file work_29.txt (compact mmCIF, C-alpha atoms and all ligand atoms)
# COMPACT_ATOMS: atom_id res chain seq x y z
CA MET A 1 0.00 0.00 0.00
CA THR A 2 1.30 3.42 -0.87
CA ARG A 3 0.51 6.36 1.33
CA ASP A 4 1.90 9.82 1.05
CA TRP A 5 -0.55 11.84 3.08
CA SER A 6 2.10 13.31 5.32
CA ARG A 7 3.48 15.60 2.63
CA ARG A 8 2.89 19.26 3.39
CA ARG A 9 2.67 21.43 0.32
CA PHE A 10 2.39 25.20 0.41
CA LEU A 11 0.96 26.50 -2.80
CA ALA A 12 1.51 29.98 -4.18
CA ALA A 13 -1.99 31.13 -3.44
CA ALA A 14 -3.25 28.64 -0.91
CA ALA A 15 -1.69 26.17 1.45
CA ILE A 16 -3.21 22.76 1.05
CA THR A 17 -2.52 19.76 3.17
CA PRO A 18 -4.25 16.47 2.59
CA PHE A 19 -4.99 14.84 5.91
CA ALA A 20 -7.27 12.44 7.73
CA ALA A 21 -7.00 9.92 4.98
CA SER A 22 -8.18 6.41 5.29
CA CYS A 23 -7.06 4.39 2.34
CA THR A 24 -8.19 0.89 1.49
CA SER A 25 -6.57 0.42 -1.91
CA GLU A 26 -3.43 1.31 -3.82
CA ILE A 27 -4.45 4.90 -4.33
CA ARG A 28 -1.65 7.39 -4.81
CA ALA A 29 -1.51 11.15 -5.13
CA TYR A 30 -0.29 12.51 -8.47
CA ASP A 31 0.67 16.18 -8.65
CA PHE A 32 0.52 18.37 -11.74
CA GLU A 33 1.26 22.03 -12.34
CA TRP A 34 0.64 24.20 -15.39
CA LEU A 35 -0.36 27.69 -16.46
CA ALA A 36 -3.92 28.77 -17.30
CA PHE A 37 -6.11 31.80 -16.59
CA ALA A 38 -2.92 33.85 -16.15
CA THR A 39 -2.08 31.88 -13.04
CA THR A 40 -0.44 28.64 -11.95
CA ILE A 41 -2.83 25.71 -11.67
CA ARG A 42 -1.90 22.97 -9.23
CA ALA A 43 -3.83 19.72 -9.18
CA THR A 44 -3.46 16.64 -7.01
CA LEU A 45 -5.29 13.64 -8.42
CA TYR A 46 -5.89 10.51 -6.35
CA CYS A 47 -6.10 7.29 -8.31
CA GLU A 48 -4.45 3.90 -8.72
CA GLN A 49 -2.61 4.32 -12.00
CA ALA A 50 -0.05 6.90 -13.08
CA LYS A 51 -1.23 6.42 -16.66
CA LEU A 52 -4.79 7.40 -15.76
CA ALA A 53 -3.61 10.42 -13.78
CA ARG A 54 -1.55 11.58 -16.75
CA ALA A 55 -4.48 11.16 -19.19
CA VAL A 56 -6.75 13.12 -16.87
CA PHE A 57 -4.16 15.86 -16.47
CA ILE A 58 -4.00 16.24 -20.27
CA ALA A 59 -7.81 16.40 -20.50
CA LEU A 60 -7.97 18.95 -17.68
CA LYS A 61 -5.29 21.09 -19.27
CA GLN A 62 -7.21 21.02 -22.56
CA ASP A 63 -10.49 21.94 -20.81
CA PHE A 64 -8.90 24.96 -19.18
CA ALA A 65 -7.15 26.06 -22.39
CA ASN A 66 -10.46 25.87 -24.30
CA ILE A 67 -12.33 27.76 -21.59
CA ASN A 68 -9.58 30.34 -21.26
CA LYS A 69 -10.03 31.21 -24.92
CA ALA A 70 -13.81 30.77 -25.24
CA TRP A 71 -14.95 32.61 -22.10
CA TYR A 72 -12.51 35.51 -22.09
CA ALA A 73 -14.39 38.73 -22.91
CA TRP A 74 -11.50 40.58 -24.50
CA GLY A 75 -9.67 38.09 -26.74
CA ASP A 76 -10.75 36.35 -29.94
CA GLY A 77 -12.73 33.41 -28.55
CA GLU A 78 -16.49 32.84 -28.45
CA LEU A 79 -17.41 35.41 -25.78
CA ALA A 80 -15.33 38.09 -27.51
CA LYS A 81 -17.23 37.36 -30.75
CA VAL A 82 -20.58 37.43 -28.91
CA ASN A 83 -19.53 40.81 -27.48
CA ARG A 84 -18.70 42.19 -30.91
CA SER A 85 -22.13 41.13 -32.12
CA LEU A 86 -23.91 42.54 -29.03
CA PHE A 87 -22.01 45.78 -29.40
CA GLN A 88 -23.25 46.24 -32.96
CA THR A 89 -26.69 44.65 -32.99
CA GLY A 90 -27.70 43.87 -29.41
CA GLU A 91 -28.05 40.15 -30.11
CA SER A 92 -25.99 37.04 -30.77
CA GLU A 93 -26.12 33.28 -30.95
CA VAL A 94 -24.34 31.48 -28.10
CA SER A 95 -23.09 27.91 -27.71
CA ARG A 96 -24.90 25.88 -25.05
CA PRO A 97 -22.01 25.64 -22.59
CA LEU A 98 -21.50 29.42 -22.61
CA ALA A 99 -25.29 30.05 -22.59
CA ASN A 100 -25.62 27.91 -19.45
CA VAL A 101 -22.92 29.93 -17.66
CA LEU A 102 -24.63 33.16 -18.75
CA VAL A 103 -28.01 31.95 -17.46
CA THR A 104 -26.39 31.20 -14.09
CA ALA A 105 -24.60 34.56 -14.06
CA ARG A 106 -27.87 36.34 -14.78
CA ARG A 107 -29.71 34.46 -12.02
CA LEU A 108 -26.95 35.19 -9.51
CA ALA A 109 -26.91 38.87 -10.50
CA ASP A 110 -30.60 39.08 -9.59
CA ARG A 111 -30.04 37.17 -6.36
CA SER A 112 -27.24 39.55 -5.39
CA SER A 113 -29.39 42.64 -6.06
CA ARG A 114 -26.79 43.39 -8.74
CA HIS A 115 -23.77 43.58 -6.47
CA PHE A 116 -22.61 40.89 -8.89
CA SER A 117 -23.15 41.56 -12.59
CA ALA A 118 -21.66 39.98 -15.71
CA ALA A 119 -22.90 42.92 -17.81
CA LEU A 120 -20.24 45.38 -16.65
CA GLY A 121 -18.04 45.06 -19.76
CA PRO A 122 -18.48 48.68 -20.99
CA VAL A 123 -17.53 50.00 -17.53
CA ILE A 124 -14.61 47.60 -17.11
CA LYS A 125 -13.30 48.71 -20.49
CA LEU A 126 -13.45 52.37 -19.46
CA TRP A 127 -11.35 51.58 -16.41
CA GLN A 128 -9.02 49.67 -18.77
CA PHE A 129 -9.26 46.41 -16.85
CA ASP A 130 -9.81 44.75 -20.23
CA ARG A 131 -6.06 45.20 -20.77
CA PHE A 132 -3.97 42.11 -20.23
CA ASP A 133 -0.90 44.16 -19.39
CA ILE A 134 -1.55 46.24 -16.29
CA ASN A 135 1.94 47.65 -15.85
CA GLU A 136 1.03 51.02 -17.39
CA PRO A 137 -1.84 52.56 -15.41
CA PRO A 138 -4.33 54.89 -17.10
CA VAL A 139 -3.53 58.56 -16.49
CA ALA A 140 -6.88 59.34 -14.87
CA PRO A 141 -10.23 57.76 -13.96
CA PRO A 142 -12.85 57.84 -16.76
CA GLY A 143 -14.90 61.01 -17.23
CA ALA A 144 -18.31 61.29 -15.55
CA SER A 145 -20.42 61.36 -18.72
CA GLU A 146 -18.73 58.43 -20.46
CA LEU A 147 -19.01 56.45 -17.21
CA LYS A 148 -22.70 57.31 -16.96
CA ASN A 149 -23.33 56.12 -20.54
CA ALA A 150 -21.41 52.87 -19.98
CA LEU A 151 -23.28 52.26 -16.73
CA THR A 152 -26.66 52.82 -18.41
CA ILE A 153 -25.83 50.09 -20.96
CA ALA A 154 -24.49 47.76 -18.22
CA ASN A 155 -27.60 48.33 -16.09
CA GLY A 156 -29.70 47.13 -19.03
CA GLU A 157 -28.28 43.64 -18.24
CA PHE A 158 -28.88 40.83 -20.77
CA GLN A 159 -31.35 38.03 -21.45
CA VAL A 160 -30.42 34.51 -22.51
CA SER A 161 -32.78 32.12 -24.21
CA VAL A 162 -31.90 28.41 -24.20
CA PRO A 163 -34.65 26.52 -26.07
CA PRO A 164 -34.87 22.71 -25.70
CA THR A 165 -33.58 22.37 -29.26
CA GLY A 166 -31.94 24.79 -31.65
CA LYS A 167 -29.66 27.72 -31.01
CA ALA A 168 -29.30 29.58 -27.72
CA THR A 169 -29.38 33.36 -28.06
CA ILE A 170 -28.47 36.40 -25.99
CA THR A 171 -29.98 39.87 -26.27
CA ALA A 172 -28.78 43.04 -24.56
CA PRO A 173 -28.80 46.81 -25.05
CA ARG A 174 -26.72 47.81 -28.07
CA GLY A 175 -23.18 48.55 -26.92
CA ALA A 176 -23.33 45.83 -24.25
CA MET A 177 -20.25 43.75 -23.42
CA ILE A 178 -20.43 40.68 -21.23
CA ASP A 179 -17.58 39.96 -18.82
CA ILE A 180 -17.93 36.73 -16.86
CA GLY A 181 -14.59 37.24 -15.07
CA GLY A 182 -16.42 37.23 -11.72
CA ILE A 183 -17.66 33.67 -12.20
CA ALA A 184 -15.31 32.18 -14.84
CA LYS A 185 -12.91 30.38 -12.49
CA GLY A 186 -15.82 28.77 -10.65
CA ALA A 187 -17.37 27.74 -13.96
CA ALA A 188 -14.04 26.39 -15.26
CA LEU A 189 -13.44 24.43 -12.06
CA LYS A 190 -16.92 22.91 -12.35
CA VAL A 191 -16.05 21.69 -15.86
CA GLY A 192 -12.71 20.39 -14.54
CA ILE A 193 -14.39 18.46 -11.73
CA GLU A 194 -16.87 16.94 -14.22
CA THR A 195 -13.94 15.76 -16.31
CA LEU A 196 -12.37 14.08 -13.26
CA GLN A 197 -15.70 12.37 -12.50
CA HIS A 198 -15.95 11.21 -16.10
CA PHE A 199 -12.55 9.51 -15.80
CA GLY A 200 -13.44 7.91 -12.46
CA ILE A 201 -10.80 9.72 -10.41
CA GLU A 202 -11.22 8.86 -6.71
CA GLY A 203 -10.35 12.21 -5.18
CA ALA A 204 -8.82 15.50 -6.27
CA ILE A 205 -7.99 19.04 -5.35
CA ILE A 206 -7.37 21.75 -7.93
CA ASP A 207 -5.92 25.12 -6.94
CA ALA A 208 -6.43 27.78 -9.62
CA GLY A 209 -4.51 30.67 -8.07
CA GLY A 210 -6.30 30.57 -4.72
CA ASP A 211 -9.69 29.42 -6.03
CA VAL A 212 -9.76 25.79 -4.96
CA ALA A 213 -12.08 22.97 -6.05
CA THR A 214 -12.25 19.43 -4.70
CA LEU A 215 -13.79 16.26 -6.02
CA ALA A 216 -16.39 14.31 -4.07
CA GLY A 217 -15.02 10.93 -5.12
CA ASP A 218 -14.86 7.57 -3.38
CA HIS A 219 -11.66 8.50 -1.64
CA PRO A 220 -12.47 9.74 1.89
CA GLN A 221 -10.37 12.76 2.69
CA ASP A 222 -10.64 16.39 3.64
CA TYR A 223 -8.37 19.27 2.82
CA ARG A 224 -6.73 22.15 4.57
CA VAL A 225 -6.73 25.38 2.56
CA GLY A 226 -4.94 28.59 3.47
CA ILE A 227 -6.49 31.99 2.78
CA LEU A 228 -3.97 34.57 1.71
CA SER A 229 -3.67 37.84 3.55
CA PRO A 230 -4.96 40.63 1.27
CA ARG A 231 -1.89 42.70 2.00
CA GLY A 232 0.80 40.16 1.25
CA ARG A 233 1.62 38.85 4.67
CA GLY A 234 1.33 35.17 3.78
CA VAL A 235 -1.54 33.00 4.89
CA ASP A 236 -4.12 34.69 7.15
CA GLU A 237 -6.10 31.67 8.22
CA ALA A 238 -6.56 28.01 7.29
CA VAL A 239 -9.85 26.18 6.91
CA ARG A 240 -10.89 22.58 6.39
CA ILE A 241 -13.10 21.75 3.44
CA LEU A 242 -14.75 18.46 2.59
CA PRO A 243 -14.55 16.63 -0.73
CA GLY A 244 -17.05 18.22 -3.10
CA GLU A 245 -16.70 21.65 -1.49
CA HIS A 246 -14.98 24.55 -3.21
CA ILE A 247 -13.47 27.72 -1.82
CA MET A 248 -13.31 30.94 -3.83
CA THR A 249 -11.62 34.19 -2.84
CA SER A 250 -11.93 37.67 -4.36
CA GLY A 251 -9.68 40.53 -3.45
CA ASP A 252 -8.82 44.14 -4.24
CA TYR A 253 -5.18 43.02 -4.40
CA ALA A 254 -5.65 40.65 -7.38
CA ARG A 255 -5.65 43.40 -10.02
CA TYR A 256 -5.57 47.14 -9.49
CA TRP A 257 -4.26 50.48 -10.69
CA THR A 258 -2.59 52.98 -8.41
CA LEU A 259 -3.32 56.59 -9.41
CA ASP A 260 -2.03 59.44 -7.24
CA GLY A 261 -1.46 56.97 -4.43
CA LYS A 262 -5.05 55.67 -4.53
CA ARG A 263 -5.97 52.05 -5.30
CA TYR A 264 -8.51 51.45 -8.09
CA GLN A 265 -9.29 47.77 -8.16
CA HIS A 266 -10.77 45.48 -10.82
CA ILE A 267 -14.05 44.73 -9.03
CA ILE A 268 -16.58 47.38 -9.99
CA ASN A 269 -19.52 48.57 -7.94
CA PRO A 270 -22.42 48.19 -10.41
CA ALA A 271 -24.34 50.94 -8.60
CA THR A 272 -21.71 53.63 -9.21
CA GLY A 273 -19.44 52.33 -11.99
CA TRP A 274 -16.44 52.99 -9.74
CA PRO A 275 -14.07 50.36 -8.36
CA ALA A 276 -15.57 48.75 -5.27
CA THR A 277 -14.36 49.97 -1.90
CA GLY A 278 -16.37 47.59 0.30
CA ALA A 279 -13.63 45.22 1.44
CA MET A 280 -10.11 43.93 0.77
CA SER A 281 -10.92 40.23 0.60
CA ALA A 282 -13.91 37.89 0.56
CA THR A 283 -13.93 34.08 0.70
CA VAL A 284 -16.86 31.72 0.21
CA ILE A 285 -17.05 27.93 0.65
CA ASP A 286 -19.83 26.09 -1.15
CA LYS A 287 -20.65 22.93 -3.09
CA ASP A 288 -21.50 25.10 -6.11
CA PRO A 289 -18.29 26.75 -7.37
CA LEU A 290 -20.15 29.30 -9.50
CA LEU A 291 -22.24 30.41 -6.54
CA ALA A 292 -19.12 30.67 -4.35
CA ASP A 293 -17.26 32.64 -7.02
CA ALA A 294 -20.09 35.09 -7.73
CA THR A 295 -20.78 35.60 -4.02
CA ALA A 296 -17.13 36.35 -3.21
CA THR A 297 -17.17 39.06 -5.89
CA ALA A 298 -20.51 40.46 -4.67
CA LEU A 299 -19.28 40.58 -1.06
CA ILE A 300 -16.34 42.80 -2.06
CA VAL A 301 -18.87 45.26 -3.48
CA GLY A 302 -21.24 45.02 -0.51
CA GLY A 303 -18.65 45.27 2.28
CA THR A 304 -19.25 44.63 5.99
CA GLN A 305 -22.52 46.57 6.00
CA ASN A 306 -24.19 44.14 3.61
CA PHE A 307 -22.29 40.99 4.59
CA SER A 308 -25.11 39.08 6.34
CA THR A 309 -27.85 40.28 3.99
CA LEU A 310 -25.85 39.27 0.92
CA CYS A 311 -24.91 35.85 2.35
CA ASP A 312 -28.61 35.19 3.03
CA ALA A 313 -29.72 36.49 -0.36
CA MET A 314 -27.09 34.44 -2.19
CA GLN A 315 -27.95 31.39 -0.04
CA VAL A 316 -24.39 30.69 1.08
CA GLN A 317 -23.59 29.44 4.57
CA ALA A 318 -19.82 29.78 4.84
CA ALA A 319 -18.32 33.18 4.09
CA ARG A 320 -15.59 35.45 5.40
CA LEU A 321 -14.86 39.12 4.73
CA VAL A 322 -11.85 41.30 5.51
CA ASP A 323 -12.82 44.98 5.58
CA ASN A 324 -10.59 47.87 4.57
CA ASN A 325 -9.12 48.09 8.08
CA GLY A 326 -8.33 44.40 8.20
CA ILE A 327 -11.30 43.59 10.48
CA VAL A 328 -12.61 40.09 9.76
CA SER A 329 -16.29 39.09 9.70
CA MET A 330 -17.35 35.50 9.20
CA THR A 331 -20.46 33.35 9.36
CA SER A 332 -20.68 30.69 12.07
CA SER A 333 -20.44 27.99 9.40
CA PHE A 334 -17.14 29.46 8.19
CA ARG A 335 -15.88 29.78 11.76
CA SER A 336 -16.63 26.11 12.41
CA ARG A 337 -14.21 25.20 9.62
CA LEU A 338 -11.26 27.18 10.93
CA ASP A 339 -8.24 24.95 11.38
CA THR A 340 -6.73 26.32 14.55
P1 LIG B 401 -13.32 37.73 -9.01
O1 LIG B 401 -11.85 37.65 -8.94
O2 LIG B 401 -14.01 36.42 -9.11
O3 LIG B 401 -13.91 38.59 -7.94
O4 LIG B 401 -13.67 38.42 -10.42
C1 LIG B 401 -13.23 39.71 -10.71
C2 LIG B 401 -13.51 39.98 -12.17
O5 LIG B 401 -14.93 39.98 -12.41
C3 LIG B 401 -13.03 41.34 -12.63
O6 LIG B 401 -11.69 41.28 -13.07
C4 LIG B 401 -14.01 41.65 -13.75
O7 LIG B 401 -13.65 40.95 -14.91
C5 LIG B 401 -15.31 41.08 -13.25
N1 LIG B 401 -16.09 42.00 -12.39
C6 LIG B 401 -15.75 43.23 -11.92
N2 LIG B 401 -16.71 43.72 -11.11
C7 LIG B 401 -17.69 42.80 -11.06
C8 LIG B 401 -18.94 42.72 -10.40
N3 LIG B 401 -19.40 43.69 -9.59
N4 LIG B 401 -19.69 41.61 -10.61
C9 LIG B 401 -19.27 40.61 -11.40
N5 LIG B 401 -18.08 40.60 -12.05
C10 LIG B 401 -17.30 41.69 -11.88
MG MG B 402 -15.77 35.76 -8.27
call {"tool": "encode", "arguments": {"input": "work_29.txt", "output": "structure tokens", "more": "lines below"}}
Ligand code: AMP
Ligand code: MG
result
Amino acid sequence: MTRDWSRRRFLAAAAITPFAASCTSEIRAYDFEWLAFATTIRATLYCEQAKLARAVFIALKQDFANINKAWYAWGDGELAKVNRSLFQTGESEVSRPLANVLVTARRLADRSSRHFSAALGPVIKLWQFDRFDINEPPVAPPGASELKNALTIANGEFQVSVPPTGKATITAPRGAMIDIGGIAKGAALKVGIETLQHFGIEGAIIDAGGDVATLAGDHPQDYRVGILSPRGRGVDEAVRILPGEHIMTSGDYARYWTLDGKRYQHIINPATGWPATGAMSATVIDKDPLLADATATALIVGGTQNFSTLCDAMQVQAARLVDNNGIVSMTSSFRSRLDT
């Protein structure tokens, strides 16, 4: 029998330690690391054969590469083409996989009272967060009238129609641009987990730059995940998550401009069109990775004031928020998972 549970691995974005394993067969852990979504992906797959682990790794890598291209708003994949069509005509055909993510994004936007919105493309573009290279900050925030126009289009949201047969379609105000950045990692991790299930992997943990998904396989195990400090002081806190649970973190530190000493971050407040100032970091644990991802983004917008209301509205149990002074709020469900 091979066991290697005692290894302690600290990942760039999250510290993960497999523990409490009880193993009845020749299951081993196979580690893989590659680049996708502009971050390092680290996956540990639990199965009996190295050959199977390798095949699954290749499939997973391909999934993420496809999604990276197809669901990125600003490149040349499917969503970018949908955006070009929406911009000109206010409508477009959409493939079913993307349409399903858009339907979920739309539903979660409503649930969040639009603290989360995937329709913010025109505003995000004005703040230049559509740029891949963020080394050269814009010289000034966008002007009030152009921001107002962009916000009016974004507030028009979008509608997706997915008929039982035939083509799915999206309609939106002309000039609309969809950006699913706030839910894309969760959606990609869901696809990744489905691939692992398809191959019959027994257990797995995938860390996509601090957004972590696990597989509810036959292999009994839970995981220890570290939450990074929003101001670069290593790991703030560690929690235990069960197989089949996922943990998503949003932060004002992930992408931001500094103009005249002030931080303008990539998460936009849909009510004002300005970068959110509600909190530095938000983490959500849930069995639905899209829900966890969208809620973490929404909580950054809502801040401490709206923390409980938003958790209830989004229907998440386990959430944690670090406000702008470093004060931490958390739900009792999140607290019960702290690994002290
Ligand atoms: P996350 O890291 O999951 O919080 O996603 C942040 C990304 O979501 C940003 O880089 C934008 O692409 C997009 N975004 C910005 N503001 C919002 C918002 N209020 N709701 C949904 N997505 C947003
Ligand atoms: Mg998110």
call {"tool": "residues_near_ligand", "arguments": {"input": "work_29.txt", "ligand": "ligand MG 402 (chain B)", "cutoff": "12 Å", "atoms": "all atoms listed in the file", "output": "ChimeraX atom specification"}}
result
/A:105,108-109,115-118,179-188,210-211,247-252,254,266-268,281-285,289-301
call {"tool": "write_last_selection", "arguments": {"input": "work_29.txt", "atoms": "C-alpha atoms", "output": "PDB file, keeping the file's coordinate frame"}}
result
ATOM      1  CA  ALA A 105     -24.600  34.560 -14.060  1.00  0.00           C
ATOM      2  CA  LEU A 108     -26.950  35.190  -9.510  1.00  0.00           C
ATOM      3  CA  ALA A 109     -26.910  38.870 -10.500  1.00  0.00           C
ATOM      4  CA  HIS A 115     -23.770  43.580  -6.470  1.00  0.00           C
ATOM      5  CA  PHE A 116     -22.610  40.890  -8.890  1.00  0.00           C
ATOM      6  CA  SER A 117     -23.150  41.560 -12.590  1.00  0.00           C
ATOM      7  CA  ALA A 118     -21.660  39.980 -15.710  1.00  0.00           C
ATOM      8  CA  ASP A 179     -17.580  39.960 -18.820  1.00  0.00           C
ATOM      9  CA  ILE A 180     -17.930  36.730 -16.860  1.00  0.00           C
ATOM     10  CA  GLY A 181     -14.590  37.240 -15.070  1.00  0.00           C
ATOM     11  CA  GLY A 182     -16.420  37.230 -11.720  1.00  0.00           C
ATOM     12  CA  ILE A 183     -17.660  33.670 -12.200  1.00  0.00           C
ATOM     13  CA  ALA A 184     -15.310  32.180 -14.840  1.00  0.00           C
ATOM     14  CA  LYS A 185     -12.910  30.380 -12.490  1.00  0.00           C
ATOM     15  CA  GLY A 186     -15.820  28.770 -10.650  1.00  0.00           C
ATOM     16  CA  ALA A 187     -17.370  27.740 -13.960  1.00  0.00           C
ATOM     17  CA  ALA A 188     -14.040  26.390 -15.260  1.00  0.00           C
ATOM     18  CA  GLY A 210      -6.300  30.570  -4.720  1.00  0.00           C
ATOM     19  CA  ASP A 211      -9.690  29.420  -6.030  1.00  0.00           C
ATOM     20  CA  ILE A 247     -13.470  27.720  -1.820  1.00  0.00           C
ATOM     21  CA  MET A 248     -13.310  30.940  -3.830  1.00  0.00           C
ATOM     22  CA  THR A 249     -11.620  34.190  -2.840  1.00  0.00           C
ATOM     23  CA  SER A 250     -11.930  37.670  -4.360  1.00  0.00           C
ATOM     24  CA  GLY A 251      -9.680  40.530  -3.450  1.00  0.00           C
ATOM     25  CA  ASP A 252      -8.820  44.140  -4.240  1.00  0.00           C
ATOM     26  CA  ALA A 254      -5.650  40.650  -7.380  1.00  0.00           C
ATOM     27  CA  HIS A 266     -10.770  45.480 -10.820  1.00  0.00           C
ATOM     28  CA  ILE A 267     -14.050  44.730  -9.030  1.00  0.00           C
ATOM     29  CA  ILE A 268     -16.580  47.380  -9.990  1.00  0.00           C
ATOM     30  CA  SER A 281     -10.920  40.230   0.600  1.00  0.00           C
ATOM     31  CA  ALA A 282     -13.910  37.890   0.560  1.00  0.00           C
ATOM     32  CA  THR A 283     -13.930  34.080   0.700  1.00  0.00           C
ATOM     33  CA  VAL A 284     -16.860  31.720   0.210  1.00  0.00           C
ATOM     34  CA  ILE A 285     -17.050  27.930   0.650  1.00  0.00           C
ATOM     35  CA  PRO A 289     -18.290  26.750  -7.370  1.00  0.00           C
ATOM     36  CA  LEU A 290     -20.150  29.300  -9.500  1.00  0.00           C
ATOM     37  CA  LEU A 291     -22.240  30.410  -6.540  1.00  0.00           C
ATOM     38  CA  ALA A 292     -19.120  30.670  -4.350  1.00  0.00           C
ATOM     39  CA  ASP A 293     -17.260  32.640  -7.020  1.00  0.00           C
ATOM     40  CA  ALA A 294     -20.090  35.090  -7.730  1.00  0.00           C
ATOM     41  CA  THR A 295     -20.780  35.600  -4.020  1.00  0.00           C
ATOM     42  CA  ALA A 296     -17.130  36.350  -3.210  1.00  0.00           C
ATOM     43  CA  THR A 297     -17.170  39.060  -5.890  1.00  0.00           C
ATOM     44  CA  ALA A 298     -20.510  40.460  -4.670  1.00  0.00           C
ATOM     45  CA  LEU A 299     -19.280  40.580  -1.060  1.00  0.00           C
ATOM     46  CA  ILE A 300     -16.340  42.800  -2.060  1.00  0.00           C
ATOM     47  CA  VAL A 301     -18.870  45.260  -3.480  1.00  0.00           C
TER      48      VAL A 301
END
call {"tool": "residues_around", "arguments": {"input": "work_29.txt", "residues": "Arg42 in chain A", "least_positions_apart": "3", "cutoff": "8 Å", "atoms": "only C-alpha atoms", "output": "number ranges by chain"}}
result
A: 11, 31-34, 206-208
call {"tool": "closest_residue", "arguments": {"input": "work_29.txt", "among": "A:Gln265, A:Gln62, A:Thr195, A:Gln49", "to": "ligand LIG 401 (chain B)", "atoms": "all atoms listed in the file"}}
result
A:Gln265
call {"tool": "residues_around", "arguments": {"input": "work_29.txt", "residues": "range 270-272 of chain A", "least_positions_apart": "5", "cutoff": "12 Å", "atoms": "all atoms listed in the file", "output": "ChimeraX atom specification"}}
result
/A:109,112-124,144,147-157,277,297-298,300-302
call {"tool": "atom_distance", "arguments": {"input": "work_29.txt", "atom1": "CA of Met280 in chain A", "atom2": "CA of Gly303 in chain A"}}
result
8.8 Å
call {"tool": "closest_residue", "arguments": {"input": "work_29.txt", "among": "A:Ala238, A:Tyr253, A:Leu52, A:Ile178", "to": "Arg320 in chain A", "atoms": "all atoms listed in the file"}}
result
A:Ala238
call {"tool": "closest_residue", "arguments": {"input": "work_29.txt", "among": "A:Gly209, A:Gly217, A:Pro243, A:Gly326", "to": "ligand LIG 401 (chain B)", "atoms": "all atoms listed in the file"}}
result
A:Gly209
call {"tool": "residues_around", "arguments": {"input": "work_29.txt", "residues": "Ser329 in chain A", "least_positions_apart": "3", "cutoff": "10 Å", "atoms": "only C-alpha atoms", "output": "PyMOL selection string"}}
result
chain A and resi 282+303-304+307-308+319-323+326+332+334-335
